[in-house]
Amino acid sequence: MTCEVVELIADGPYAAAVNNLAHSLSRPQVGTVLREWRAARRLSQLDLALDAGISPRHLSCIETGKAQPSRDVVTRLADALDMPLRERNALLVAAGYAPRYPETALATPELAQVRRAIEFILAQQEPYPAFVLNRRWDVLMANEAALRVNGYVMHGRASAHRNMIRQIFDPDDLRAAVANWEEVAGDLIHHLHAEVAAAPSDLAARALLNEVLAYPGVPARWRRRDLDTAPAPLLTTVLQRDDRQLRFFSTITTFGTPRDVTLDELRIECCFPVDEATVQLCRELAAAPQP
């Protein structure tokens with residue numbers, strides 16, 4: 001009898017109800033997510049309620065779990081918090097709704113036009129480096145100039161990482177070729193701290209921050225977020241091999257008003273030479289026979 005009951009529960013409609021209940025219990029509560037984001041944005045309940053066009057009492061009830069927000073209210077709260085598309089989806093799921101924004105792989109036919117546009121930008125940047133990065137600083141695409149410059153400063157060795165931050169922080173990777181490493185790495189840490197603070201539910205960003213802080217030679221002061229020092233408006237990255245240097249500053253291109261998570265998180269970083277010596281060396285590398 002017991003075995004029959006167990007089998008009935010495991011296979012019958014009751015199982016679906018149990019699974020749904022378990023899923024809802026493991027899912028972050030919408031009120032918890034909202035409180036985290038409101039704290040990250042340094043907004044009071046009154047501020048957020050006014051920005052979203054709802055009453056402070058209603059927001060308080062949502063945060064304490066006494067009220068269930070409508071899909072429209074969730075959208076207005078996400079707008080007021082200026083949440084990225086991935087986090088908007090997470091907020092909708094936490095409130096019990098289906099995600100709104102798709103996440104399409106860059107290699108799929110649906111994004112073929114976008115991919116062609118990116119390839120055009122990368123090609124136009126020659127003979128200077130350009131990269132396509134996602135929100136976790138993974139290098140998704142790079143032009144030939146980026147590969148040439150990396151190969152040159154690393155004496156022909158390939159990078160061990162596909163992640164730009166890991167490349168900069170790993171002593172056995174690109175870090176050894178960055179002449180002004182502390183300045184460059186400090187700027188990256190500043191941005192990574194800001195991303196973690198701005199998106200408290202992004203556990204991957206927090207894990208990446210903890211990982212790179214554990215590399216040898218990383219200053220202990222970088223473990224704390226520096227709120228007093230603003231990042232430099234223009235950062236020069238100096239790459240060195242023997243007695244020759246390449247000096248670049250970068251611009252970041254993003255997609256305006258994206259409606260896809262992938263596009264919302266894409267960044268195209270284009271490097272420009274700071275001096276004539278860098279221009280000349282990049283041209284030399286482009287003209288040299290490739291192995």
# chains A, B, ... in the order shown; residues from 1 in each chain; ligands from 1
>>> residues_around(residues="A:Thr262", least_positions_apart="6", cutoff="9 Å", atoms="only C-alpha atoms", output="list in words")
Arg86, Pro102, Glu103, Thr104, Ala105, Leu106 and Asn134 of chain A
>>> closest_atom_pairs(of="stretch 184-251 of chain A", to="stretch 155-178 of chain A", cutoff="7 Å", atoms="only C-alpha atoms", output="tab-separated table")
residue	atom	partner	partner_atom	distance
A:Ala185	CA	A:Ile168	CA	6.8
A:Val212	CA	A:Phe169	CA	6.3
A:Tyr215	CA	A:Asp170	CA	6.7
A:Val238	CA	A:Val178	CA	5.8
A:Leu239	CA	A:Val178	CA	4.7
A:Gln240	CA	A:Ala177	CA	5.3
A:Arg241	CA	A:Ala177	CA	6.7
>>> write_last_selection(atoms="N, CA and C atoms", output="PDB file, in the first residue's frame")
ATOM      1  N   ALA A 185      44.692  47.869 -13.670  1.00  0.00           N
ATOM      2  CA  ALA A 185      43.969  46.906 -12.847  1.00  0.00           C
ATOM      3  C   ALA A 185      43.109  47.613 -11.803  1.00  0.00           C
ATOM      4  N   VAL A 212      39.593  37.474  -8.776  1.00  0.00           N
ATOM      5  CA  VAL A 212      40.752  38.269  -9.201  1.00  0.00           C
ATOM      6  C   VAL A 212      41.431  38.938  -8.008  1.00  0.00           C
ATOM      7  N   TYR A 215      44.375  36.870  -6.657  1.00  0.00           N
ATOM      8  CA  TYR A 215      45.646  36.714  -7.381  1.00  0.00           C
ATOM      9  C   TYR A 215      46.781  37.360  -6.587  1.00  0.00           C
ATOM     10  N   VAL A 238      49.373  50.839 -21.231  1.00  0.00           N
ATOM     11  CA  VAL A 238      50.711  50.773 -21.812  1.00  0.00           C
ATOM     12  C   VAL A 238      51.156  49.317 -21.849  1.00  0.00           C
ATOM     13  N   LEU A 239      51.314  48.771 -23.056  1.00  0.00           N
ATOM     14  CA  LEU A 239      51.808  47.407 -23.235  1.00  0.00           C
ATOM     15  C   LEU A 239      53.270  47.471 -23.657  1.00  0.00           C
ATOM     16  N   GLN A 240      54.064  46.579 -23.108  1.00  0.00           N
ATOM     17  CA  GLN A 240      55.509  46.666 -23.359  1.00  0.00           C
ATOM     18  C   GLN A 240      56.096  45.311 -23.699  1.00  0.00           C
ATOM     19  N   ARG A 241      56.998  45.330 -24.688  1.00  0.00           N
ATOM     20  CA  ARG A 241      57.831  44.167 -24.992  1.00  0.00           C
ATOM     21  C   ARG A 241      59.250  44.678 -25.189  1.00  0.00           C
TER      22      ARG A 241
END
>>> closest_residue(among="A:Gln68, A:Thr254, A:Gln113, A:Thr229", to="A:Tyr97", atoms="only C-alpha atoms")
A:Gln68
>>> residues_around(residues="stretch 197-206 of chain A", least_positions_apart="3", cutoff="12 Å", atoms="only C-alpha atoms", output="JSON, numbers by chain")
{"A": [28, 29, 30, 32, 33, 34, 35, 36, 37, 38, 39, 40, 41, 42, 81, 82, 83, 84, 85, 86, 87, 88, 89, 90, 91, 94, 134, 135, 136, 137, 138, 165, 189, 190, 191, 192, 193, 194, 209, 210, 211, 212, 213, 223, 224, 225, 226, 227]}
>>> write_last_selection(atoms="C-alpha atoms", output="short mmCIF file (atom, residue, chain, number, x, y, z; two decimals), in the first residue's frame")
data_model
loop_
_atom_site.label_atom_id
_atom_site.label_comp_id
_atom_site.auth_asym_id
_atom_site.auth_seq_id
_atom_site.Cartn_x
_atom_site.Cartn_y
_atom_site.Cartn_z
CA PRO A 28 13.96 34.73 -4.61
CA GLN A 29 11.02 36.70 -3.28
CA VAL A 30 10.17 39.87 -5.18
CA THR A 32 13.80 40.78 -1.21
CA VAL A 33 15.00 41.57 -4.73
CA LEU A 34 13.43 45.03 -4.61
CA ARG A 35 15.01 45.86 -1.25
CA GLU A 36 18.44 44.84 -2.55
CA TRP A 37 18.10 46.96 -5.67
CA ARG A 38 16.67 49.91 -3.77
CA ALA A 39 19.64 49.78 -1.38
CA ALA A 40 22.05 49.53 -4.32
CA ARG A 41 20.45 52.61 -5.90
CA ARG A 42 20.37 54.37 -2.51
CA LEU A 81 15.50 51.28 -10.71
CA ASP A 82 17.07 51.41 -14.20
CA MET A 83 17.59 47.65 -14.13
CA PRO A 84 19.40 45.84 -16.99
CA LEU A 85 17.24 43.49 -19.05
CA ARG A 86 18.59 40.33 -17.40
CA GLU A 87 17.73 41.70 -13.97
CA ARG A 88 14.29 42.83 -15.18
CA ASN A 89 13.61 39.24 -16.21
CA ALA A 90 14.78 38.04 -12.80
CA LEU A 91 12.45 40.52 -11.07
CA ALA A 94 10.58 36.56 -8.63
CA ASN A 134 29.85 40.59 -22.55
CA ARG A 135 28.84 41.78 -19.09
CA ARG A 136 31.32 39.37 -17.46
CA TRP A 137 34.23 40.72 -19.54
CA ASP A 138 34.46 37.54 -21.61
CA ILE A 165 39.89 40.80 -16.39
CA ILE A 189 38.53 46.77 -9.98
CA HIS A 190 36.73 50.09 -9.54
CA HIS A 191 34.33 49.19 -12.37
CA LEU A 192 33.86 45.64 -11.11
CA HIS A 193 33.05 46.85 -7.59
CA ALA A 194 30.53 49.26 -9.11
CA LEU A 209 35.63 40.03 -8.17
CA ASN A 210 36.58 37.59 -5.39
CA GLU A 211 38.58 35.47 -7.83
CA VAL A 212 40.75 38.27 -9.20
CA LEU A 213 41.29 39.79 -5.75
CA ARG A 223 39.03 44.56 -1.40
CA ARG A 224 37.00 47.60 -0.34
CA ARG A 225 35.01 49.68 -2.78
CA ASP A 226 36.51 53.15 -3.15
CA LEU A 227 33.65 55.67 -3.15
#
>>> residues_around(residues="A:Ala107", least_positions_apart="5", cutoff="12 Å", atoms="only C-alpha atoms", output="JSON, numbers by chain")
{"A": [112, 113, 114, 115, 116, 118, 140, 141, 262]}
